[in-house]
Each structure stands twice: as C-alpha cells, then as structure tokens.
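Student: So that you have it, the file is model38.txt, and it contains compact mmCIF, C-alpha atoms:
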```
# COMPACT_ATOMS: atom_id res chain seq x y z
CA MET A 1 0.36 4.80 28.58
CA THR A 2 1.01 7.88 26.44
CA ALA A 3 0.60 7.97 22.67
CA GLU A 4 4.39 8.04 22.31
CA GLU A 5 4.83 4.95 24.49
CA PHE A 6 2.14 3.17 22.55
CA LYS A 7 3.90 4.07 19.32
CA ASN A 8 7.23 2.70 20.54
CA LYS A 9 6.03 -0.41 22.32
CA ILE A 10 2.83 -1.61 20.69
CA ILE A 11 2.73 -0.29 17.12
CA PRO A 12 5.90 -2.26 16.13
CA PHE A 13 3.81 -5.41 16.59
CA SER A 14 1.94 -4.45 13.44
CA ARG A 15 5.02 -5.45 11.39
CA LYS A 16 5.04 -8.82 13.06
CA LEU A 17 1.34 -9.36 12.64
CA TYR A 18 1.14 -8.10 9.06
CA PRO A 19 2.12 -11.33 7.21
CA MET A 20 -0.21 -13.43 9.35
CA LEU A 21 -3.20 -11.16 8.67
CA PHE A 22 -2.23 -10.88 5.00
CA ARG A 23 -2.44 -14.67 4.68
CA ILE A 24 -6.02 -14.49 5.90
CA LEU A 25 -7.16 -11.41 4.01
CA LYS A 26 -4.94 -11.73 0.90
CA ASN A 27 -5.19 -8.00 0.24
CA GLU A 28 -2.93 -5.14 1.33
CA GLU A 29 -5.63 -2.57 1.95
CA GLU A 30 -7.78 -4.93 4.00
CA THR A 31 -4.73 -6.04 5.99
CA ARG A 32 -3.84 -2.42 6.77
CA ASP A 33 -7.44 -1.75 7.85
CA ALA A 34 -7.49 -4.88 10.00
CA LEU A 35 -4.22 -3.91 11.68
CA GLN A 36 -5.54 -0.41 12.22
CA ASP A 37 -8.64 -1.84 13.82
CA LEU A 38 -6.55 -4.16 15.97
CA MET A 39 -4.37 -1.28 17.15
CA VAL A 40 -7.46 0.79 18.05
CA LYS A 41 -8.66 -2.22 20.08
CA LEU A 42 -5.31 -2.36 21.87
CA TRP A 43 -5.33 1.40 22.43
CA ASN A 44 -8.74 1.13 24.07
CA ARG A 45 -7.35 -1.57 26.34
CA LYS A 46 -4.16 0.30 27.13
CA SER A 47 -4.91 0.32 30.86
CA ASP A 48 -5.09 -3.52 30.77
CA LEU A 49 -1.90 -3.58 28.72
CA GLU A 50 -0.09 -1.49 31.31
CA LYS A 51 -1.07 -3.85 34.11
CA CYS A 52 0.05 -6.89 32.08
CA THR A 53 3.28 -8.55 33.10
CA ASN A 54 3.58 -10.16 29.67
CA GLN A 55 2.44 -7.62 27.11
CA THR A 56 3.54 -9.74 24.16
CA ALA A 57 1.33 -12.63 25.25
CA TYR A 58 -1.58 -10.25 25.73
CA ILE A 59 -1.17 -8.74 22.26
CA ILE A 60 -0.77 -12.18 20.69
CA THR A 61 -4.01 -13.34 22.35
CA VAL A 62 -5.91 -10.30 21.14
CA ALA A 63 -4.44 -10.76 17.64
CA LYS A 64 -5.26 -14.47 17.63
CA ASN A 65 -8.90 -13.87 18.59
CA TYR A 66 -9.10 -11.08 16.05
CA SER A 67 -7.76 -13.29 13.25
CA PHE A 68 -10.21 -16.05 14.19
CA ASP A 69 -13.00 -13.52 13.75
CA LEU A 70 -11.52 -12.50 10.40
CA LEU A 71 -11.32 -16.13 9.29
CA LYS A 72 -14.98 -16.62 10.13
CA LYS A 73 -15.99 -13.57 8.10
CA LYS A 74 -13.66 -14.14 5.15
CA ARG A 75 -14.87 -15.94 2.06
CA PRO A 76 -12.52 -18.83 1.38
CA ASP A 77 -12.42 -18.80 -2.42
CA LYS A 78 -11.25 -15.26 -3.13
CA ILE A 79 -8.14 -14.94 -5.29
CA GLY A 80 -5.61 -12.95 -3.36
CA GLU A 81 -3.83 -9.83 -4.47
CA LYS A 82 -0.52 -11.65 -4.40
CA GLU A 83 -1.83 -14.42 -6.64
CA GLU A 84 -3.27 -11.87 -9.05
CA TYR A 85 0.05 -10.07 -9.03
CA LYS A 86 1.84 -13.29 -9.82
CA ILE A 87 -0.50 -14.12 -12.69
CA LEU A 88 -0.05 -10.65 -14.15
CA ASN A 89 3.69 -10.93 -13.87
CA ILE A 90 3.76 -14.28 -15.60
CA GLU A 91 1.64 -12.94 -18.43
CA SER A 92 3.82 -9.90 -18.93
CA GLY A 93 6.91 -12.10 -19.13
CA ASP A 94 8.57 -10.77 -16.02
CA VAL A 95 12.35 -11.22 -15.84
CA HIS A 96 12.00 -12.88 -12.45
CA HIS A 97 9.57 -15.39 -13.82
CA ASP A 98 11.93 -18.24 -12.95
CA ILE A 99 12.23 -17.15 -9.31
CA LYS A 100 8.51 -16.51 -9.02
CA GLU A 101 7.83 -19.98 -10.30
CA LYS A 102 10.16 -21.46 -7.70
CA TYR A 103 8.48 -19.47 -4.95
CA GLU A 104 5.16 -20.81 -6.14
CA HIS A 105 6.46 -24.35 -5.75
CA VAL A 106 7.60 -23.59 -2.21
CA GLN A 107 4.21 -22.06 -1.50
CA LYS A 108 2.45 -25.13 -2.85
CA ALA A 109 4.65 -27.40 -0.74
CA ILE A 110 3.67 -25.38 2.36
CA GLU A 111 0.01 -25.28 1.43
CA ASN A 112 -0.05 -29.06 1.04
CA LEU A 113 1.21 -29.58 4.58
CA PRO A 114 -1.30 -30.61 7.27
CA GLU A 115 -2.85 -27.50 8.86
CA LYS A 116 -0.91 -27.73 12.11
CA TYR A 117 2.44 -28.06 10.28
CA ARG A 118 1.57 -25.25 7.88
CA THR A 119 0.53 -22.82 10.63
CA ILE A 120 3.66 -23.42 12.68
CA ILE A 121 6.14 -23.12 9.80
CA GLN A 122 4.42 -19.92 8.63
CA LEU A 123 4.41 -18.39 12.11
CA ARG A 124 8.07 -19.18 12.62
CA ASP A 125 9.75 -18.88 9.23
CA ILE A 126 7.68 -16.12 7.64
CA ASP A 127 6.43 -14.10 10.60
CA GLY A 128 9.46 -14.68 12.84
CA PHE A 129 7.50 -15.38 16.04
CA SER A 130 9.34 -16.84 19.01
CA PHE A 131 8.40 -20.27 20.35
CA GLU A 132 6.79 -18.61 23.36
CA GLU A 133 4.61 -16.52 21.07
CA ILE A 134 3.67 -19.52 18.92
CA LYS A 135 2.82 -21.40 22.09
CA GLY A 136 0.51 -18.52 23.05
CA MET A 137 -1.22 -18.72 19.68
CA THR A 138 -1.49 -22.46 19.22
CA GLY A 139 -1.51 -23.75 22.77
CA PHE A 140 1.16 -26.39 21.97
CA GLU A 141 4.13 -26.92 24.27
CA ILE A 142 7.54 -25.77 23.00
CA PRO A 143 9.20 -29.23 22.64
CA TYR A 144 6.23 -30.37 20.57
CA LEU A 145 6.42 -27.19 18.48
CA ARG A 146 10.08 -27.92 17.73
CA VAL A 147 9.21 -31.42 16.55
CA ILE A 148 6.39 -30.20 14.31
CA LEU A 149 8.55 -27.41 12.92
CA SER A 150 11.39 -29.82 12.18
CA ARG A 151 9.06 -32.17 10.32
CA ALA A 152 7.42 -29.34 8.41
CA ARG A 153 10.78 -27.89 7.30
CA LEU A 154 12.06 -31.28 6.17
CA LYS A 155 8.83 -31.99 4.31
CA VAL A 156 8.97 -28.66 2.45
CA LYS A 157 12.60 -29.27 1.48
CA GLN A 158 11.73 -32.77 0.30
CA GLU A 159 8.78 -31.56 -1.78
CA VAL A 160 10.74 -28.71 -3.35
CA GLU A 161 13.61 -31.04 -4.21
CA LYS A 162 11.18 -33.40 -5.87
CA ILE A 163 10.37 -30.69 -8.42
CA TYR A 164 13.88 -29.34 -8.89
CA ASP A 165 16.78 -31.68 -8.91
CA TYR A 166 19.23 -29.19 -7.49
CA ASP A 167 22.27 -31.49 -7.56
CA LYS A 168 21.67 -32.33 -11.17
CA THR A 169 21.34 -28.68 -12.05
CA ARG A 170 24.63 -28.08 -10.33
CA GLU A 171 26.28 -30.96 -12.17
CA ILE A 172 25.04 -29.68 -15.53
CA ALA A 173 26.23 -26.20 -14.65
CA GLN A 174 29.62 -27.56 -13.74
CA GLN A 175 29.80 -29.50 -17.01
CA ILE A 176 29.01 -26.38 -19.01
CA LEU A 177 31.61 -24.40 -17.10
CA MET B 178 31.34 -29.72 9.03
CA THR B 179 31.21 -26.00 8.31
CA LYS B 180 29.35 -23.51 10.52
CA GLN B 181 26.72 -23.14 7.82
CA GLU B 182 26.11 -26.90 7.70
CA LYS B 183 25.94 -27.12 11.48
CA LEU B 184 23.40 -24.33 11.59
CA LEU B 185 21.43 -25.95 8.81
CA ASN B 186 21.27 -29.24 10.75
CA LYS B 187 20.13 -27.36 13.81
CA TYR B 188 17.53 -25.58 11.68
CA TYR B 189 16.08 -28.83 10.35
CA ASN B 190 15.94 -30.19 13.90
CA GLY B 191 13.90 -27.18 14.98
CA GLU B 192 16.61 -26.15 17.43
CA THR B 193 17.82 -22.82 16.06
CA SER B 194 17.09 -19.52 17.75
CA LEU B 195 15.52 -16.63 15.84
CA ASP B 196 18.92 -14.92 15.53
CA GLU B 197 20.55 -18.09 14.21
CA GLU B 198 17.75 -18.45 11.69
CA LYS B 199 18.28 -14.87 10.53
CA GLU B 200 21.98 -15.54 10.10
CA LEU B 201 21.36 -18.81 8.26
CA LYS B 202 18.84 -17.22 5.92
CA LYS B 203 21.26 -14.41 5.15
CA LEU B 204 24.06 -16.90 4.40
CA PHE B 205 21.92 -18.90 2.00
CA LEU B 206 20.40 -15.91 0.27
CA ASN B 207 23.88 -14.52 -0.44
CA ASP B 208 25.11 -17.92 -1.57
CA MET B 209 25.16 -18.12 -5.34
CA ASN B 210 24.97 -21.92 -5.32
CA HIS B 211 21.58 -23.01 -6.37
CA ASN B 212 19.97 -25.16 -3.69
CA SER B 213 16.54 -25.74 -2.23
CA GLU B 214 17.27 -23.57 0.82
CA HIS B 215 18.04 -20.64 -1.45
CA ASP B 216 14.52 -20.85 -2.86
CA ILE B 217 12.79 -21.72 0.40
CA PHE B 218 14.42 -18.89 2.35
CA GLY B 219 13.87 -16.56 -0.59
CA TYR B 220 10.18 -17.43 -0.52
CA PHE B 221 9.99 -16.73 3.24
CA GLU B 222 11.57 -13.31 2.78
CA ASN B 223 9.34 -12.54 -0.17
CA GLU B 224 6.24 -13.45 1.81
CA LYS B 225 7.01 -10.89 4.51
CA ASN B 226 6.55 -8.07 2.02
CA ILE B 227 5.62 -5.52 4.70
CA PRO B 228 4.81 -2.01 3.44
CA VAL B 229 7.51 0.45 4.52
CA ASP B 230 5.11 3.07 5.83
CA LEU B 231 2.98 0.58 7.77
CA GLU B 232 3.78 1.61 11.34
CA GLU B 233 3.80 5.35 10.66
CA ASN B 234 0.53 5.10 8.78
CA ILE B 235 -1.15 3.15 11.55
CA PHE B 236 0.04 5.61 14.18
CA VAL B 237 -1.14 8.66 12.25
CA ASN B 238 -4.56 7.11 11.62
CA LEU B 239 -4.82 6.01 15.23
CA GLU B 240 -4.07 9.52 16.46
CA THR B 241 -6.74 10.98 14.15
CA LYS B 242 -9.29 8.41 15.30
CA VAL B 243 -8.52 8.94 18.97
CA LYS B 244 -8.70 12.74 18.55
CA LYS B 245 -12.00 12.41 16.69
CA ARG B 246 -13.39 10.25 19.47
CA LYS B 247 -12.22 12.77 22.04
CA THR B 248 -13.95 15.60 20.15
CA ILE B 249 -17.13 13.55 19.88
CA ARG B 250 -16.94 12.75 23.59
CA MET B 251 -16.30 16.40 24.44
CA ARG B 252 -19.22 17.42 22.26
CA LEU B 253 -21.40 14.86 24.00
CA TYR B 254 -20.30 16.18 27.37
CA SER B 255 -21.01 19.79 26.42
CA LEU B 256 -24.36 18.83 24.89
CA SER B 257 -25.42 16.89 27.96
CA SER B 258 -24.26 19.65 30.30
CA ALA B 259 -26.20 22.19 28.22
CA ALA B 260 -29.24 19.94 28.42
CA ALA B 261 -28.80 19.62 32.19
CA VAL B 262 -28.58 23.40 32.59
CA ILE B 263 -31.76 23.84 30.51
CA ILE B 264 -33.59 21.23 32.61
CA ILE B 265 -32.50 22.90 35.86
CA PHE B 266 -33.62 26.33 34.65
CA LEU B 267 -36.86 24.94 33.32
CA SER B 268 -37.68 23.13 36.57
CA VAL B 269 -36.82 26.24 38.64
CA TYR B 270 -38.94 28.38 36.33
CA LEU B 271 -41.87 25.93 36.43
CA ASP B 272 -41.66 25.69 40.19
CA PHE B 273 -41.60 29.47 40.49
CA ARG B 274 -44.55 29.79 38.13
CA ASP B 275 -46.41 27.15 40.08
CA THR B 276 -45.93 28.94 43.41
CA LYS B 277 -46.97 32.17 41.76
CA THR B 278 -50.17 30.61 40.42
CA THR B 279 -50.97 29.02 43.79
CA GLN B 280 -50.47 32.38 45.49
CA ILE B 281 -52.77 34.11 43.01
CA GLU B 282 -55.33 31.33 43.47
CA ASN B 283 -55.12 31.71 47.25
CA ASP B 284 -55.54 35.47 47.01
CA PHE B 285 -58.46 34.99 44.67
CA PHE B 286 -60.05 32.51 47.08
CA VAL B 287 -59.69 34.90 50.00
CA MET B 288 -61.16 37.69 47.90
CA GLU B 289 -64.05 35.45 46.81
CA GLN B 290 -64.76 34.55 50.43
CA ALA B 291 -64.71 38.20 51.42
CA LEU B 292 -67.03 39.14 48.57
CA PHE B 293 -69.35 36.29 49.45
CA GLN B 294 -69.55 37.44 53.05
CA ILE B 295 -70.24 41.02 51.94
CA SER B 296 -72.94 39.94 49.50
CA GLU B 297 -74.53 37.77 52.14
CA SER B 298 -74.68 40.63 54.59
CA ILE B 299 -76.21 42.97 51.98
CA GLN B 300 -78.93 40.49 50.85
CA PRO B 301 -82.35 40.74 52.69
CA LYS B 302 -83.13 37.97 55.10
CA GLU B 303 -84.80 35.02 53.49
CA GLN B 304 -88.34 34.26 54.40
CA GLU B 305 -88.64 32.02 57.37
CA GLU B 306 -89.57 28.47 56.80
CA MET B 307 -93.16 27.82 55.82
CA LEU B 308 -95.21 24.66 55.85
CA VAL B 309 -97.23 24.26 52.71
CA LEU B 310 -100.24 22.16 53.41
CA TRP B 311 -102.22 22.47 50.17
CA VAL B 312 -101.58 24.07 46.83
CA ASP B 313 -104.31 24.14 44.22
CA ASP B 314 -105.32 26.30 41.32
CA ASN B 315 -107.68 28.14 43.65
CA VAL B 316 -106.45 27.47 47.18
CA GLU B 317 -103.08 27.71 48.96
CA ILE B 318 -102.89 26.55 52.60
CA ILE B 319 -99.67 27.69 54.29
CA ILE B 320 -98.66 27.60 57.95
CA ASN B 321 -95.96 30.08 58.99
```
If you convert what's in this file into structure tokens, what do you get?

Tutor:
Amino acid sequence: MTAEEFKNKIIPFSRKLYPMLFRILKNEEETRDALQDLMVKLWNRKSDLEKCTNQTAYIITVAKNYSFDLLKKKRPDKIGEKEEYKILNIESGDVHHDIKEKYEHVQKAIENLPEKYRTIIQLRDIDGFSFEEIKGMTGFEIPYLRVILSRARLKVKQEVEKIYDYDKTREIAQQIL
Amino acid sequence: MTKQEKLLNKYYNGETSLDEEKELKKLFLNDMNHNSEHDIFGYFENEKNIPVDLEENIFVNLETKVKKRKTIRMRLYSLSSAAAVIIIFLSVYLDFRDTKTTQIENDFFVMEQALFQISESIQPKEQEEMLVLWVDDNVEIIIN
C-alpha cells in the first residue's frame, strides 16, 4: 500500500474515529495525538490491511482495542476541554447560551442512560457508524442493536421533553403571535 | 403522515439507514419549529466538532514520522555495515599478524636449533663418567 493509497483509504477513518476518542480523552490535542498514534499503528500493519477482505472491520477492531487501552490509562475525573469551554461561555454571557444549555440537557439525558444504551446511541447518532461497524465494536447482533438504539433514542427524547415542554412553548409562541 | 413524520417513526424504531438519518437530521435542523428533535439533532451535530485540518495534519505528521524512521533505519544499516567491514578487516589483519608471528617464531626456533648444534660441536667433550667412592677434606677416591 503506497502512502497515497493509505491517505485516501485509511486516513479518512480519523474523522469517523475522532468523536469517539474525544469522548474518552476530552481534549483536542490529546485526541489528535491518539489518532496520529493509531494511524502510525495502522501504517505499520499495512501489509495485514492489504490482505484483509474487510478493512473497515480490521480498523474498527484496532481502534476499539486502542480506545480500551486509552480508557484504562485515562483518569476518570478530569474536566474536559468541552466542559471548560461551556463554562467559560456561560460566564461570558454568550449569545448562544440558550442553545448551549439545551445541548447540555441532551448530553445529561445521554449520560444518564445505561452504559450499553449510551455507547450505542453515541456510536450511531454522533459518530455515524454503520450497524455492521457497531456490531464489530460491541459484539451485539444487528437486530438487538436496533432495539437498544430505538429505546435509547426514545428515552433521550422523553428526558429532554421532561425539561422543556415544547408543545407549551409553541402554544405560548402562537398566542403571542 | 408526511415523509418527515414517517422517517421520524422509522428513526425511533431504529430502522433508518445512515442516509435517511442524515436527511432527517437536515430536515429538523432547518425546521424553525422548536421541538425536542431540533435540540437533540443539534447536539449530535455539535458533538462531532471535527477539526477541519485533521486528516491533512495526520497525513503530514505520519509522513514525517515514517521518513524519520526510514532515516534512522538507514543510519542503523550503514552503521552496522561499517561495523561489519571493520570487524572483517580487523580479523583479516589479526590473522595475518598471527601467521607472521608464527613464521618468525618458527624461523627463530630453527635458528636456535642450528646455533645449539653449532655450540655443541664447538664445546670440548665432557669428562667421561666417574664413580666417586669417597670425598673428604683430605682424601678423594675416584674410579674412572
């Protein structure tokens, strides 16, 4: 595999893997370094990659093992860059404060889900992994993944709607108009 | 039921494809009506937050690292080959020196033998064996 082929076929996976690694590391620089490291690992195994019939599955497996290692190393109580950013924005009275607050509620709803539900909704709705890829990462069969995903999505919607009564807001808006 | 509602039902049943999900998210994010999906999908998009230069940056760094490794490997190769050449020369030289020394030693031995033979032939004959019967301060009894 030439450098150009690697750039076109394998490097694009870094975009897919970025959000997942960011959730573990909670820091842009560390995530970039981790991805860099992961790509070097894949480059060193490029002869294996070439022989592989399913390159995506191979990359996903390497990435999964790599993130498990990261999780083991990572301290659990570090405040992430994103959280810090949010706090700073709230303090400076950001114009998007309202939206940020809503996103925080969605985030909380996802964080409160059982681990299995949380992982699957994040892999699908944030990272955009296919069911095959999620199967490779979690080991669950696709019909089961669909069920878990459905429940997780409904639960998040339910939790978010508990905080904001969207219909009421609409009614009030209509009354004002 | 509109297409958007149908897709949304499919989405909540976990039956949408990735393309359908993209389409659905786009529809809701452009929708000005305030609903939970607008916020949820907005959050998902916001969480992606991938740096624009990510891929390019990774590729450039990878190339530099690979090149560096190659240079280090090449240096190691040249160093080890230089060491091998030195060892070969050294062993040849030592071997040569060794044979030279052995030759000199052999020559020296031959010369020593020759000298010994010459000196032996020059020296007067030793006295024949004698039998000493008695030796005293005053008397010596010897049988030739």

Student: Distance limit 8 Å, atoms considered: all atoms listed in the file. Which chain A residues sit that close to chain B? Return them as a PyMOL selection string.

Tutor: chain A and resi 3+7+11-12+14-15+18-19+32+35-36+39-40+99+102-103+106-107+125-128+130+146-147+149-151+153-154+157+160-161+166-167+170

Student: What does the distance from CA of Glu50 (chain A) to CA of Glu4 (chain A) come to in Å, to one decimal?

Tutor: 13.9 Å

Student: Report, in Å with one decimal, the straight-line distance from CA of Phe13 (chain A) to CA of Leu123 (chain A).

Tutor: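 Those two atoms sit 13.7 Å apart.
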
Student: Expressed in Å to a single decimal, how great is the separation between CA of Gln122 (chain A) and CA of Phe140 (chain A)?

Tutor: 15.2 Å

Student: For each of B:Leu201, B:Leu271, B:Leu308, B:Val287, take the minimum atom-to-atom distance to Lys180 (chain B), counting all atoms listed in the file, then give the residue where this is smallest.

Tutor: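 When distances to Lys180 (chain B) are compared using all atoms listed in the file, the smallest one comes from B:Leu201.
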
Student: Neighbours of Gly139 (chain A) within 12 Å (all atoms listed in the file; same-chain residues fewer than 2 positions away dropped), as a VMD selection string?

Tutor: chain A and resid 57 60 to 61 64 116 120 131 to 137 141 to 142 144 to 145

Student: Excluding same-chain residues fewer than 4 positions from Ile24 (chain A), what lies within 9 Å of it counting only C-alpha atoms, as a list in words?

Tutor: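 My list of contacting residues is Pro19, Met20, Thr31, Ser67, Leu70, Leu71 and Lys74 of chain A.
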
Student: Could you save those same residues with C-alpha atoms as an mmCIF file, keeping the file's coordinate frame?

Tutor:
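What follows is the written file part.cif:
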```cif
data_model
loop_
_atom_site.group_PDB
_atom_site.id
_atom_site.type_symbol
_atom_site.label_atom_id
_atom_site.label_comp_id
_atom_site.auth_asym_id
_atom_site.auth_seq_id
_atom_site.Cartn_x
_atom_site.Cartn_y
_atom_site.Cartn_z
ATOM 1 C CA PRO A 19 2.120 -11.330 7.210
ATOM 2 C CA MET A 20 -0.210 -13.430 9.350
ATOM 3 C CA THR A 31 -4.730 -6.040 5.990
ATOM 4 C CA SER A 67 -7.760 -13.290 13.250
ATOM 5 C CA LEU A 70 -11.520 -12.500 10.400
ATOM 6 C CA LEU A 71 -11.320 -16.130 9.290
ATOM 7 C CA LYS A 74 -13.660 -14.140 5.150
#
```
